[in-house]
Structures are given as C-alpha cells and as structure tokens.
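> Contents of upload-v8.pdb (PDB, C-alpha atoms) are below:
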```
ATOM      1  CA  MET A   1     -43.139  17.840   3.812
ATOM      2  CA  ASN A   2     -40.684  19.293   1.293
ATOM      3  CA  THR A   3     -41.353  18.861  -2.375
ATOM      4  CA  PRO A   4     -39.169  16.424  -4.353
ATOM      5  CA  HIS A   5     -37.473  19.337  -6.104
ATOM      6  CA  ALA A   6     -36.452  21.218  -2.958
ATOM      7  CA  GLU A   7     -32.725  21.260  -2.187
ATOM      8  CA  PRO A   8     -32.347  22.620   1.358
ATOM      9  CA  GLN A   9     -28.853  23.221   2.679
ATOM     10  CA  ASN A  10     -29.459  21.661   6.081
ATOM     11  CA  PRO A  11     -29.623  17.833   5.962
ATOM     12  CA  ALA A  12     -32.148  17.943   8.803
ATOM     13  CA  ASP A  13     -34.538  19.795   6.466
ATOM     14  CA  ARG A  14     -34.157  17.325   3.594
ATOM     15  CA  PRO A  15     -36.990  15.139   2.370
ATOM     16  CA  ALA A  16     -37.117  11.868   4.271
ATOM     17  CA  ARG A  17     -36.583   9.939   1.035
ATOM     18  CA  LEU A  18     -33.682  10.743  -1.260
ATOM     19  CA  ALA A  19     -32.905  10.190  -4.926
ATOM     20  CA  VAL A  20     -29.805   7.981  -4.845
ATOM     21  CA  GLY A  21     -27.128   7.769  -7.539
ATOM     22  CA  VAL A  22     -24.181   5.384  -7.754
ATOM     23  CA  VAL A  23     -20.891   6.239  -9.440
ATOM     24  CA  GLY A  24     -19.010   2.972  -9.895
ATOM     25  CA  ALA A  25     -21.050  -0.237 -10.098
ATOM     26  CA  GLY A  26     -18.453  -2.481  -8.515
ATOM     27  CA  ARG A  27     -19.372  -4.909  -5.791
ATOM     28  CA  VAL A  28     -20.183  -2.289  -3.149
ATOM     29  CA  GLY A  29     -22.230   0.491  -4.739
ATOM     30  CA  PRO A  30     -25.221  -1.459  -6.058
ATOM     31  CA  ALA A  31     -25.544  -3.336  -2.760
ATOM     32  CA  LEU A  32     -25.613  -0.130  -0.724
ATOM     33  CA  ALA A  33     -28.099   1.475  -3.087
ATOM     34  CA  ALA A  34     -30.305  -1.615  -2.902
ATOM     35  CA  SER A  35     -30.231  -1.478   0.890
ATOM     36  CA  LEU A  36     -31.176   2.198   0.809
ATOM     37  CA  GLN A  37     -34.019   1.295  -1.523
ATOM     38  CA  LEU A  38     -35.318  -1.138   1.098
ATOM     39  CA  ALA A  39     -35.356   1.799   3.508
ATOM     40  CA  GLY A  40     -37.539   3.772   1.100
ATOM     41  CA  HIS A  41     -34.985   5.811  -0.823
ATOM     42  CA  ARG A  42     -35.068   5.878  -4.637
ATOM     43  CA  PRO A  43     -32.098   4.707  -6.706
ATOM     44  CA  VAL A  44     -32.363   6.819  -9.857
ATOM     45  CA  ALA A  45     -29.082   6.422 -11.755
ATOM     46  CA  VAL A  46     -25.920   4.347 -11.849
ATOM     47  CA  SER A  47     -22.692   4.580 -13.803
ATOM     48  CA  ALA A  48     -21.182   1.341 -15.079
ATOM     49  CA  VAL A  49     -18.440   0.744 -17.630
ATOM     50  CA  SER A  50     -17.510  -2.924 -17.811
ATOM     51  CA  ASP A  51     -19.883  -5.701 -18.805
ATOM     52  CA  ALA A  52     -19.585  -7.142 -15.293
ATOM     53  CA  SER A  53     -20.562  -3.860 -13.657
ATOM     54  CA  VAL A  54     -23.524  -3.465 -15.994
ATOM     55  CA  ARG A  55     -24.697  -6.957 -15.025
ATOM     56  CA  ARG A  56     -24.301  -6.194 -11.325
ATOM     57  CA  ALA A  57     -26.292  -3.004 -11.676
ATOM     58  CA  ALA A  58     -29.045  -4.845 -13.544
ATOM     59  CA  ALA A  59     -29.196  -7.601 -10.921
ATOM     60  CA  LEU A  60     -29.268  -5.395  -7.834
ATOM     61  CA  LEU A  61     -30.868  -2.251  -9.254
ATOM     62  CA  PRO A  62     -33.275  -3.402 -11.964
ATOM     63  CA  ASP A  63     -34.834  -0.638 -14.065
ATOM     64  CA  VAL A  64     -32.320   1.930 -12.808
ATOM     65  CA  PRO A  65     -30.803   3.612 -15.882
ATOM     66  CA  VAL A  66     -27.059   3.540 -16.586
ATOM     67  CA  MET A  67     -25.635   7.030 -17.105
ATOM     68  CA  SER A  68     -22.336   8.877 -17.129
ATOM     69  CA  PRO A  69     -21.000  10.008 -13.718
ATOM     70  CA  SER A  70     -21.957  13.638 -14.333
ATOM     71  CA  GLU A  71     -25.479  12.588 -15.326
ATOM     72  CA  VAL A  72     -25.735  10.472 -12.171
ATOM     73  CA  LEU A  73     -24.985  13.545 -10.076
ATOM     74  CA  ALA A  74     -27.477  15.629 -12.030
ATOM     75  CA  HIS A  75     -30.296  13.255 -11.062
ATOM     76  CA  SER A  76     -29.290  12.530  -7.449
ATOM     77  CA  GLU A  77     -29.602  14.100  -4.027
ATOM     78  CA  LEU A  78     -27.393  11.435  -2.443
ATOM     79  CA  VAL A  79     -24.404  10.225  -4.477
ATOM     80  CA  LEU A  80     -22.443   7.072  -3.640
ATOM     81  CA  LEU A  81     -18.887   7.207  -4.980
ATOM     82  CA  THR A  82     -17.904   3.539  -4.958
ATOM     83  CA  VAL A  83     -14.729   3.412  -7.020
ATOM     84  CA  PRO A  84     -11.279   1.984  -6.140
ATOM     85  CA  ASP A  85      -9.292   3.997  -3.592
ATOM     86  CA  ASP A  86      -6.678   5.147  -6.079
ATOM     87  CA  ALA A  87      -9.333   6.454  -8.467
ATOM     88  CA  LEU A  88     -11.279   8.424  -5.853
ATOM     89  CA  PRO A  89      -9.260  11.667  -5.621
ATOM     90  CA  GLY A  90      -9.223  12.179  -9.388
ATOM     91  CA  LEU A  91     -12.931  11.399  -9.679
ATOM     92  CA  VAL A  92     -13.879  13.905  -6.980
ATOM     93  CA  GLN A  93     -11.649  16.577  -8.475
ATOM     94  CA  GLY A  94     -13.064  16.038 -11.946
ATOM     95  CA  LEU A  95     -16.691  16.116 -10.821
ATOM     96  CA  ALA A  96     -16.120  19.316  -8.867
ATOM     97  CA  GLU A  97     -14.217  21.055 -11.656
ATOM     98  CA  THR A  98     -16.917  20.285 -14.235
ATOM     99  CA  GLY A  99     -19.672  21.688 -12.002
ATOM    100  CA  ALA A 100     -21.365  18.335 -11.477
ATOM    101  CA  VAL A 101     -21.563  18.770  -7.695
ATOM    102  CA  ARG A 102     -24.551  20.815  -6.543
ATOM    103  CA  PRO A 103     -24.851  22.786  -3.291
ATOM    104  CA  GLY A 104     -26.590  20.720  -0.629
ATOM    105  CA  GLN A 105     -25.910  17.420  -2.402
ATOM    106  CA  LEU A 106     -24.790  14.558  -0.143
ATOM    107  CA  ILE A 107     -21.516  13.162  -1.519
ATOM    108  CA  VAL A 108     -20.666   9.809   0.078
ATOM    109  CA  HIS A 109     -17.598   7.694  -0.575
ATOM    110  CA  THR A 110     -17.094   4.148   0.715
ATOM    111  CA  SER A 111     -13.290   3.981   0.829
ATOM    112  CA  GLY A 112     -11.817   2.668   4.045
ATOM    113  CA  ARG A 113      -8.529   4.466   3.435
ATOM    114  CA  TYR A 114      -9.878   7.998   3.144
ATOM    115  CA  GLY A 115     -11.879  10.233   5.425
ATOM    116  CA  VAL A 116     -13.668  13.348   4.220
ATOM    117  CA  GLY A 117     -10.480  15.216   3.279
ATOM    118  CA  VAL A 118     -10.504  13.554  -0.133
ATOM    119  CA  LEU A 119     -13.919  15.155  -0.721
ATOM    120  CA  GLU A 120     -12.594  18.694  -0.200
ATOM    121  CA  PRO A 121     -13.194  19.684  -3.871
ATOM    122  CA  ALA A 122     -16.839  18.607  -3.535
ATOM    123  CA  LEU A 123     -17.129  20.520  -0.249
ATOM    124  CA  ARG A 124     -15.846  23.686  -1.933
ATOM    125  CA  ALA A 125     -18.543  23.213  -4.567
ATOM    126  CA  GLY A 126     -21.208  23.104  -1.871
ATOM    127  CA  GLY A 127     -21.474  19.339  -1.461
ATOM    128  CA  LEU A 128     -21.981  17.680   1.906
ATOM    129  CA  PRO A 129     -19.144  15.158   2.412
ATOM    130  CA  LEU A 130     -19.520  11.803   4.183
ATOM    131  CA  ALA A 131     -17.179   8.800   4.433
ATOM    132  CA  LEU A 132     -19.138   5.593   5.089
ATOM    133  CA  HIS A 133     -17.071   2.432   4.813
ATOM    134  CA  PRO A 134     -18.822  -0.918   5.329
ATOM    135  CA  ALA A 135     -16.545  -3.348   7.165
ATOM    136  CA  MET A 136     -17.721  -6.235   5.014
ATOM    137  CA  THR A 137     -16.487  -8.280   2.096
ATOM    138  CA  PHE A 138     -18.718  -8.097  -0.975
ATOM    139  CA  THR A 139     -19.516 -10.627  -3.677
ATOM    140  CA  GLY A 140     -21.439  -8.423  -6.103
ATOM    141  CA  THR A 141     -24.595 -10.524  -5.640
ATOM    142  CA  PRO A 142     -27.897  -9.966  -3.793
ATOM    143  CA  VAL A 143     -26.535 -11.796  -0.727
ATOM    144  CA  ASP A 144     -24.510  -8.659   0.018
ATOM    145  CA  VAL A 145     -27.663  -6.733   0.906
ATOM    146  CA  GLN A 146     -28.521  -9.307   3.569
ATOM    147  CA  ARG A 147     -24.989  -9.222   4.988
ATOM    148  CA  LEU A 148     -25.265  -5.495   5.653
ATOM    149  CA  ALA A 149     -27.629  -6.260   8.535
ATOM    150  CA  GLY A 150     -25.529  -5.647  11.634
ATOM    151  CA  CYS A 151     -22.429  -4.738   9.597
ATOM    152  CA  SER A 152     -20.207  -2.085  11.157
ATOM    153  CA  PHE A 153     -19.495   1.036   9.084
ATOM    154  CA  GLY A 154     -16.471   3.248   9.629
ATOM    155  CA  VAL A 155     -18.026   6.734   9.704
ATOM    156  CA  THR A 156     -16.153  10.012   9.241
ATOM    157  CA  ALA A 157     -17.939  13.298   8.607
ATOM    158  CA  PRO A 158     -17.939  16.952   9.612
ATOM    159  CA  GLU A 159     -19.428  17.227  13.088
ATOM    160  CA  GLU A 160     -22.543  18.963  11.780
ATOM    161  CA  LEU A 161     -23.212  16.001   9.466
ATOM    162  CA  ARG A 162     -22.440  13.259  11.952
ATOM    163  CA  LEU A 163     -26.072  12.509  12.793
ATOM    164  CA  ALA A 164     -27.011  12.430   9.108
ATOM    165  CA  ALA A 165     -24.154  10.017   8.383
ATOM    166  CA  GLU A 166     -25.078   7.720  11.243
ATOM    167  CA  ALA A 167     -28.742   7.784  10.211
ATOM    168  CA  LEU A 168     -27.869   6.624   6.696
ATOM    169  CA  VAL A 169     -25.835   3.724   8.092
ATOM    170  CA  ILE A 170     -28.676   2.678  10.363
ATOM    171  CA  GLU A 171     -31.098   2.819   7.431
ATOM    172  CA  MET A 172     -28.835   0.387   5.566
ATOM    173  CA  GLY A 173     -29.071  -1.963   8.523
ATOM    174  CA  GLY A 174     -25.544  -1.198   9.698
ATOM    175  CA  GLU A 175     -23.902  -0.110  12.934
ATOM    176  CA  PRO A 176     -22.054   3.238  12.761
ATOM    177  CA  GLU A 177     -18.566   3.346  14.283
ATOM    178  CA  TRP A 178     -16.972   6.790  14.429
ATOM    179  CA  ILE A 179     -13.424   6.944  13.005
ATOM    180  CA  GLU A 180     -11.370  10.119  13.274
ATOM    181  CA  GLU A 181     -10.010  11.479  10.003
ATOM    182  CA  SER A 182      -6.400  10.889  11.018
ATOM    183  CA  ALA A 183      -7.123   7.272  12.013
ATOM    184  CA  ARG A 184      -8.623   6.158   8.701
ATOM    185  CA  PRO A 185      -5.422   4.611   7.225
ATOM    186  CA  LEU A 186      -4.752   2.614  10.424
ATOM    187  CA  TYR A 187      -8.390   1.557  10.611
ATOM    188  CA  HIS A 188      -8.266   0.314   7.029
ATOM    189  CA  ALA A 189      -4.932  -1.458   7.519
ATOM    190  CA  ALA A 190      -6.417  -3.361  10.460
ATOM    191  CA  LEU A 191      -9.375  -4.550   8.405
ATOM    192  CA  ALA A 192      -7.156  -5.574   5.486
ATOM    193  CA  LEU A 193      -4.839  -7.456   7.818
ATOM    194  CA  GLY A 194      -7.750  -9.409   9.251
ATOM    195  CA  ALA A 195     -10.009  -9.999   6.263
ATOM    196  CA  ASN A 196      -7.795  -9.992   3.161
ATOM    197  CA  HIS A 197      -4.968 -11.978   4.698
ATOM    198  CA  LEU A 198      -7.454 -14.431   6.165
ATOM    199  CA  VAL A 199      -8.604 -15.348   2.662
ATOM    200  CA  THR A 200      -5.003 -15.984   1.617
ATOM    201  CA  LEU A 201      -4.328 -18.127   4.671
ATOM    202  CA  VAL A 202      -7.479 -20.197   4.213
ATOM    203  CA  ALA A 203      -6.843 -20.700   0.498
ATOM    204  CA  GLU A 204      -3.286 -21.838   1.153
ATOM    205  CA  ALA A 205      -4.426 -24.199   3.922
ATOM    206  CA  MET A 206      -7.001 -25.774   1.602
ATOM    207  CA  GLU A 207      -4.403 -26.270  -1.119
ATOM    208  CA  LEU A 208      -2.002 -27.958   1.304
ATOM    209  CA  LEU A 209      -4.717 -30.250   2.663
ATOM    210  CA  GLY A 210      -5.569 -31.220  -0.892
ATOM    211  CA  ARG A 211      -1.926 -32.133  -1.523
ATOM    212  CA  ALA A 212      -1.998 -34.169   1.691
ATOM    213  CA  GLY A 213      -4.860 -36.230   0.250
ATOM    214  CA  VAL A 214      -7.812 -34.655   2.065
ATOM    215  CA  ALA A 215     -10.841 -35.040  -0.212
ATOM    216  CA  ALA A 216     -12.852 -32.126   1.199
ATOM    217  CA  PRO A 217     -10.514 -29.497   2.688
ATOM    218  CA  ASP A 218     -13.347 -27.025   3.120
ATOM    219  CA  ARG A 219     -15.339 -29.434   5.298
ATOM    220  CA  MET A 220     -12.282 -30.187   7.411
ATOM    221  CA  LEU A 221     -11.325 -26.542   7.882
ATOM    222  CA  GLY A 222     -14.823 -25.129   8.376
ATOM    223  CA  PRO A 223     -15.437 -26.221  11.980
ATOM    224  CA  LEU A 224     -11.806 -25.661  12.999
ATOM    225  CA  LEU A 225     -11.535 -22.159  11.582
ATOM    226  CA  GLY A 226     -15.009 -21.220  12.763
ATOM    227  CA  ALA A 227     -14.072 -22.192  16.323
ATOM    228  CA  ALA A 228     -10.704 -20.428  16.075
ATOM    229  CA  LEU A 229     -12.344 -17.210  14.855
ATOM    230  CA  ASP A 230     -14.991 -17.339  17.552
ATOM    231  CA  ASN A 231     -12.391 -17.990  20.255
ATOM    232  CA  ALA A 232     -10.149 -15.199  18.971
ATOM    233  CA  LEU A 233     -12.988 -12.663  18.913
ATOM    234  CA  ARG A 234     -14.002 -13.668  22.426
ATOM    235  CA  SER A 235     -10.599 -14.087  24.055
ATOM    236  CA  GLY A 236      -7.935 -12.453  21.896
ATOM    237  CA  ASP A 237      -4.437 -13.815  22.447
ATOM    238  CA  ALA A 238      -5.683 -16.201  25.135
ATOM    239  CA  ALA A 239      -7.157 -18.258  22.283
ATOM    240  CA  LEU A 240      -3.720 -19.070  20.848
ATOM    241  CA  THR A 241      -3.035 -22.813  20.545
ATOM    242  CA  GLY A 242      -0.775 -25.011  18.446
ATOM    243  CA  PRO A 243       2.938 -25.782  18.232
ATOM    244  CA  VAL A 244       4.188 -22.194  18.234
ATOM    245  CA  ALA A 245       2.255 -21.224  21.369
ATOM    246  CA  ARG A 246       3.435 -24.485  22.997
ATOM    247  CA  GLY A 247       7.067 -23.884  22.039
ATOM    248  CA  ASP A 248       7.208 -27.131  20.064
ATOM    249  CA  ALA A 249      10.296 -26.292  18.005
ATOM    250  CA  GLY A 250      10.643 -29.776  16.549
ATOM    251  CA  THR A 251       7.144 -29.720  15.085
ATOM    252  CA  VAL A 252       7.618 -26.251  13.629
ATOM    253  CA  ALA A 253      10.908 -27.359  12.036
ATOM    254  CA  ALA A 254       9.130 -30.363  10.528
ATOM    255  CA  HIS A 255       6.446 -28.023   9.139
ATOM    256  CA  VAL A 256       9.075 -25.843   7.507
ATOM    257  CA  ALA A 257      10.775 -28.872   5.986
ATOM    258  CA  GLU A 258       7.534 -30.182   4.502
ATOM    259  CA  LEU A 259       6.532 -26.803   3.166
ATOM    260  CA  ARG A 260       9.922 -26.354   1.503
ATOM    261  CA  LYS A 261       9.440 -29.703  -0.181
ATOM    262  CA  HIS A 262       5.794 -29.431  -1.270
ATOM    263  CA  ALA A 263       4.908 -25.702  -1.307
ATOM    264  CA  PRO A 264       8.010 -23.487  -1.098
ATOM    265  CA  GLY A 265       5.971 -20.409  -1.858
ATOM    266  CA  THR A 266       4.242 -20.701   1.515
ATOM    267  CA  VAL A 267       7.403 -20.855   3.656
ATOM    268  CA  ALA A 268       7.941 -17.101   4.003
ATOM    269  CA  GLY A 269       4.336 -16.542   5.058
ATOM    270  CA  TYR A 270       4.433 -19.441   7.522
ATOM    271  CA  LEU A 271       7.627 -18.149   9.141
ATOM    272  CA  ALA A 272       6.343 -14.564   9.337
ATOM    273  CA  MET A 273       3.060 -15.567  10.967
ATOM    274  CA  ALA A 274       4.829 -18.001  13.293
ATOM    275  CA  ARG A 275       7.199 -15.243  14.452
ATOM    276  CA  ALA A 276       4.277 -12.912  15.092
ATOM    277  CA  THR A 277       2.459 -15.684  16.957
ATOM    278  CA  ALA A 278       5.540 -16.434  19.065
ATOM    279  CA  ASP A 279       5.914 -12.751  19.983
ATOM    280  CA  ARG A 280       2.301 -12.515  21.077
ATOM    281  CA  ALA A 281       2.420 -15.828  22.937
ATOM    282  CA  LEU A 282       5.551 -14.723  24.819
ATOM    283  CA  ALA A 283       4.091 -11.322  25.659
ATOM    284  CA  HIS A 284       0.955 -12.918  27.105
ATOM    285  CA  GLY A 285       2.702 -15.639  29.054
ATOM    286  CA  LEU A 286       1.504 -18.517  26.870
ATOM    287  CA  LEU A 287       4.904 -19.489  25.465
ATOM    288  CA  LYS A 288       7.331 -20.572  28.193
ATOM    289  CA  PRO A 289      10.629 -18.693  27.966
ATOM    290  CA  GLU A 290      12.647 -21.895  28.366
ATOM    291  CA  LEU A 291      10.980 -23.297  25.225
ATOM    292  CA  ALA A 292      11.082 -20.081  23.242
ATOM    293  CA  GLU A 293      14.810 -20.040  22.450
ATOM    294  CA  ASP A 294      14.855 -23.195  20.304
ATOM    295  CA  LEU A 295      11.623 -22.155  18.609
ATOM    296  CA  LEU A 296      12.923 -18.698  17.756
ATOM    297  CA  ASP A 297      16.134 -20.235  16.419
ATOM    298  CA  VAL A 298      14.083 -22.340  14.008
ATOM    299  CA  LEU A 299      12.048 -19.340  12.927
ATOM    300  CA  ALA A 300      15.108 -17.155  12.506
ATOM    301  CA  SER A 301      16.983 -19.664  10.366
ATOM    302  CA  GLY A 302      14.047 -21.188   8.515
ATOM    303  CA  THR A 303      16.221 -24.269   8.001
ATOM    304  CA  ASP A 304      15.204 -27.891   8.183
ATOM    305  CA  ARG A 305      15.618 -29.475  11.532
ATOM    306  CA  PRO A 306      14.688 -32.990  12.648
ATOM    307  CA  ALA A 307      11.747 -33.264  14.958
ATOM    308  CA  ASP A 308      13.013 -33.902  18.484
ATOM    309  CA  PRO A 309      10.458 -35.043  21.054
ATOM    310  CA  ALA A 310      12.703 -33.743  23.816
ATOM    311  CA  SER A 311      12.446 -30.232  22.443
ATOM    312  CA  GLY A 312       8.677 -30.272  22.320
ATOM    313  CA  THR A 313       6.105 -29.769  25.040
ATOM    314  CA  ASP A 314       6.300 -31.013  28.601
ATOM    315  CA  GLY A 315       2.915 -32.650  28.400
ATOM    316  CA  ASP A 316       0.736 -29.594  27.845
ATOM    317  CA  GLU A 317      -2.540 -30.334  26.132
ATOM    318  CA  ARG A 318      -3.138 -29.034  22.661
TER     319      ARG A 318
END
```
What would the structure in this file look like if it were written as structure tokens?


Amino acid sequence: MNTPHAEPQNPADRPARLAVGVVGAGRVGPALAASLQLAGHRPVAVSAVSDASVRRAAALLPDVPVMSPSEVLAHSELVLLTVPDDALPGLVQGLAETGAVRPGQLIVHTSGRYGVGVLEPALRAGGLPLALHPAMTFTGTPVDVQRLAGCSFGVTAPEELRLAAEALVIEMGGEPEWIEESARPLYHAALALGANHLVTLVAEAMELLGRAGVAAPDRMLGPLLGAALDNALRSGDAALTGPVARGDAGTVAAHVAELRKHAPGTVAGYLAMARATADRALAHGLLKPELAEDLLDVLASGTDRPADPASGTDGDER
C-alpha cells in the first residue's frame, strides 16, 4: 500500500483513503466531506468565511481545522470546491495562478452548471478535474448526509478519470449519472425547473390556503402533493388532472379572478403554468380540442370571466 505522502499521477495507484479538503463551507461541501468520512476518507481542512459557514463546518466536520483556500489545498489530496457557480471560475483561476494546485491532486467541483472545462486552469497545473453535482437540495444540517443515500450525481470528467469519479460518488452513497460537458447547462436548468420552482409553487399554495382559512396548509397539501409527485414520476403527462387538463375554462377564469383579488402577485405564475399545462395536455390527448379554445382564450387574456357550467366538463371525473 502506498505511503500517506505518496502522490502518484494515476488515480488507480492512489491510496485507498484520501485527505479531503473543502473550499467553501456552504450547505453542500461539509455534507459531502462528512459522507466521504463515513467511507473512510479523512477530512483535513475546510475554508469558511461567514459565521454560518463556520458553524456548519463545526457541526458536520468537528475537529477539522478552518484554513484559507490555499492552505486547504496544501493539506489535501482531494479538494471539494463548493462555492456558488458565479464564484467558481475566478476561484479556480486564482488557485492555479498562485501555485496552490499540485500535480496529481483531485480537484472536484459540485456546480450543476459547469462541467470540467471550468477547471482547465487546474488541469494545466497538473490537477485531475472532476465535476460531481449532487441532484439534491441541502439544508446545511446532518440530515443532508443521510439524504445522499441513493442521490443521483451528475458526473462529468475526462474519460480516463471516469471510473475514479464514479467510485467517489458511490462511496458517498450516490448513483453516478454521466452528463456530457455540452449538456451541463441543460441538465442544470432541468433540475432548477423541477426543484427550485417546486418550492415556490408549494410556498405560494400554502399562503393561499392560509388566506382561505385553512388552519394547517402543510397537512392539507402533503398527501395531495406527495401523490401528484409520485404519479408524475411514474406516468409523466398522463398524471395531469384538474381544470386545465379538463378544459374547464369557467373554473380557471374564477381562479384568475380570485387571485387578482387576493394575491395579484401570483397571477402571472398561475397563467404561465396553466398555459404550459394546457399545451402538454393537448399534445397528449388529455385536453379535448373542443374545450381548449375557451380555455386558451381565458389564459391569453388573463381577464375575469364568470364561471359558466356549460363551458366546463362534460361529466369527466376529476
């Protein structure tokens, strides 16, 4: 077995256990380092600036010293760069220009937007670039480590490092999913559309239920949204239900009227999602063409319109 101080160029010849450093103690980095620690690797250094990041590092990586980014790299064989997307290119460039990157050092970023191209300065300095993006939302608490079990990771790496990248993901309890370099922005947009916008939709729905007098909006929405998510993941567009998919123009017009009255800030989002839903329902044969015209008129105008039972469904079940 190699000695702890050996730094072989080939990842296959590396020691089984690596000294792990984290640059950026946001919500992601400490959780990934903690999961690697469970697999037997050794977190040895973390950089943290804000009080919140220092607390996160202390909670998830107790006894791991806080250092500057360059010091983190000096102590690490595997470096996790877990900073915001916009900060990543400048960070990589700065670390490479100051000689912080060592030949044979694994340089891993967790940005969904970027592949390994953003790590080109580190590659020129002899680093081994990997892009490992966990498709998970993080809280910055120990529960994140548990959620990594079975979590998919978007993996991009040079072909010769692909097995090493996938092995690291598996050690963190994740499932590697190969993403081509050119597909990273689309991949990330898809995840943001699903996860980030879902939070906005749920938060708005809870606020509206509260205004409608529902005492526990979360308890009301939980089973409904859980079933909707499960059905959507299983069946895709076939899971569409509700007034838009039924072509119930009168109900949709009543929704718009109520939203304008009680929560005008939600109208634009409601109309946009309803239009997208109508398009998908039409394309998949769920929305009957003879009912679609009135519905699309309502969505196009966004104006109040009295609910008309005659313009609703023809008896279809909800």

> Take the PyMOL selection byres ((chain A and resi 221-224) around 12), apply it to the structure above, and return the hits as a list in words.

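So the PyMOL selection byres ((chain A and resi 221-224) around 12) ends up selecting Leu201, Val202, Ala203, Glu204, Ala205, Met206, Glu207, Leu208, Leu209, Gly210, Val214, Ala215, Ala216, Pro217, Asp218, Arg219, Met220, Leu225, Gly226, Ala227, Ala228, Leu229, Asp230, Asn231 and Thr241 of chain A.
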
> Can you spell out as number ranges by chain the set of residues that the PyMOL selection byres ((chain A and resi 29-37) around 7) selects in the structure I just provided?

A: 20, 22, 24-28, 38-43, 57, 60-61, 80, 82, 144-145, 171-172

> Which residues fall under the PyMOL selection byres ((chain A and resi 115) around 9) in this file, as a VMD selection string?

chain A and resid 109 111 to 114 116 to 119 130 to 132 155 to 157 179 to 185

> Can you list, as number ranges by chain, every protein, DNA or RNA residue that comes within 12 Å of Thr98 of chain A when you count all atoms listed in the file, leaving out same-chain residues fewer than 6 positions away?

A: 69-71, 73-74, 91-92, 121-122, 125

> Using Å and a single decimal, report how far atom CA of Leu271 of chain A sits from atom CA of Leu259 of chain A.

10.6 Å

> Grab the atom CA of Gln105 of chain A to atom CA of Gln146 of chain A distance for me, in Å with one decimal place.

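Computing the Euclidean distance for atom CA of Gln105 of chain A and atom CA of Gln146 of chain A yields 27.5 Å.
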
> Show me, as a PyMOL selection string, the residues that have an atom within 9 Å of Glu166 of chain A when counting only C-alpha atoms, minus same-chain residues fewer than 2 positions from it.

chain A and resi 132+153+155+161-164+168-171+175-178

> For Met273 of chain A, which residue among A:Ala245, A:Ala48, A:Val72, A:Ala96 is the nearest when counting only C-alpha atoms?

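Of A:Ala245, A:Ala48, A:Val72, A:Ala96, the one nearest Met273 of chain A is A:Ala245, counting only C-alpha atoms.
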
> Since the input lacks some atoms of segment 78-91 of chain A, please model N, CA, C and O atoms and print them as a PDB file, keeping the file's coordinate frame.


```pdb
ATOM      1  N   LEU A  78     -28.413  12.174  -3.180  1.00  0.00           N
ATOM      2  CA  LEU A  78     -27.393  11.435  -2.443  1.00  0.00           C
ATOM      3  C   LEU A  78     -26.581  10.641  -3.451  1.00  0.00           C
ATOM      4  O   LEU A  78     -27.131   9.825  -4.195  1.00  0.00           O
ATOM      5  N   VAL A  79     -25.272  10.880  -3.497  1.00  0.00           N
ATOM      6  CA  VAL A  79     -24.404  10.225  -4.477  1.00  0.00           C
ATOM      7  C   VAL A  79     -23.436   9.302  -3.754  1.00  0.00           C
ATOM      8  O   VAL A  79     -22.731   9.728  -2.828  1.00  0.00           O
ATOM      9  N   LEU A  80     -23.398   8.039  -4.165  1.00  0.00           N
ATOM     10  CA  LEU A  80     -22.443   7.072  -3.640  1.00  0.00           C
ATOM     11  C   LEU A  80     -21.274   6.957  -4.606  1.00  0.00           C
ATOM     12  O   LEU A  80     -21.452   6.528  -5.753  1.00  0.00           O
ATOM     13  N   LEU A  81     -20.094   7.354  -4.174  1.00  0.00           N
ATOM     14  CA  LEU A  81     -18.887   7.207  -4.980  1.00  0.00           C
ATOM     15  C   LEU A  81     -18.206   5.909  -4.551  1.00  0.00           C
ATOM     16  O   LEU A  81     -17.546   5.848  -3.508  1.00  0.00           O
ATOM     17  N   THR A  82     -18.391   4.865  -5.345  1.00  0.00           N
ATOM     18  CA  THR A  82     -17.904   3.539  -4.958  1.00  0.00           C
ATOM     19  C   THR A  82     -16.912   3.040  -6.005  1.00  0.00           C
ATOM     20  O   THR A  82     -17.145   2.054  -6.693  1.00  0.00           O
ATOM     21  N   VAL A  83     -15.802   3.743  -6.071  1.00  0.00           N
ATOM     22  CA  VAL A  83     -14.729   3.412  -7.020  1.00  0.00           C
ATOM     23  C   VAL A  83     -13.509   2.977  -6.222  1.00  0.00           C
ATOM     24  O   VAL A  83     -13.435   3.191  -5.009  1.00  0.00           O
ATOM     25  N   PRO A  84     -12.500   2.358  -6.864  1.00  0.00           N
ATOM     26  CA  PRO A  84     -11.279   1.984  -6.140  1.00  0.00           C
ATOM     27  C   PRO A  84     -10.619   3.184  -5.475  1.00  0.00           C
ATOM     28  O   PRO A  84     -10.722   4.320  -5.951  1.00  0.00           O
ATOM     29  N   ASP A  85      -9.916   2.923  -4.370  1.00  0.00           N
ATOM     30  CA  ASP A  85      -9.292   3.997  -3.592  1.00  0.00           C
ATOM     31  C   ASP A  85      -8.438   4.917  -4.454  1.00  0.00           C
ATOM     32  O   ASP A  85      -8.522   6.145  -4.350  1.00  0.00           O
ATOM     33  N   ASP A  86      -7.605   4.331  -5.299  1.00  0.00           N
ATOM     34  CA  ASP A  86      -6.678   5.147  -6.079  1.00  0.00           C
ATOM     35  C   ASP A  86      -7.384   6.038  -7.092  1.00  0.00           C
ATOM     36  O   ASP A  86      -6.824   7.049  -7.532  1.00  0.00           O
ATOM     37  N   ALA A  87      -8.593   5.665  -7.480  1.00  0.00           N
ATOM     38  CA  ALA A  87      -9.333   6.454  -8.467  1.00  0.00           C
ATOM     39  C   ALA A  87     -10.162   7.561  -7.825  1.00  0.00           C
ATOM     40  O   ALA A  87     -10.617   8.481  -8.526  1.00  0.00           O
ATOM     41  N   LEU A  88     -10.348   7.493  -6.505  1.00  0.00           N
ATOM     42  CA  LEU A  88     -11.279   8.424  -5.853  1.00  0.00           C
ATOM     43  C   LEU A  88     -10.850   9.884  -5.918  1.00  0.00           C
ATOM     44  O   LEU A  88     -11.673  10.750  -6.277  1.00  0.00           O
ATOM     45  N   PRO A  89      -9.607  10.236  -5.584  1.00  0.00           N
ATOM     46  CA  PRO A  89      -9.260  11.667  -5.621  1.00  0.00           C
ATOM     47  C   PRO A  89      -9.471  12.306  -6.980  1.00  0.00           C
ATOM     48  O   PRO A  89     -10.029  13.411  -7.083  1.00  0.00           O
ATOM     49  N   GLY A  90      -9.054  11.627  -8.047  1.00  0.00           N
ATOM     50  CA  GLY A  90      -9.223  12.179  -9.388  1.00  0.00           C
ATOM     51  C   GLY A  90     -10.684  12.314  -9.769  1.00  0.00           C
ATOM     52  O   GLY A  90     -11.083  13.298 -10.426  1.00  0.00           O
ATOM     53  N   LEU A  91     -11.497  11.335  -9.378  1.00  0.00           N
ATOM     54  CA  LEU A  91     -12.931  11.399  -9.679  1.00  0.00           C
ATOM     55  C   LEU A  91     -13.569  12.600  -9.004  1.00  0.00           C
ATOM     56  O   LEU A  91     -14.322  13.364  -9.639  1.00  0.00           O
TER      57      LEU A  91
END
```
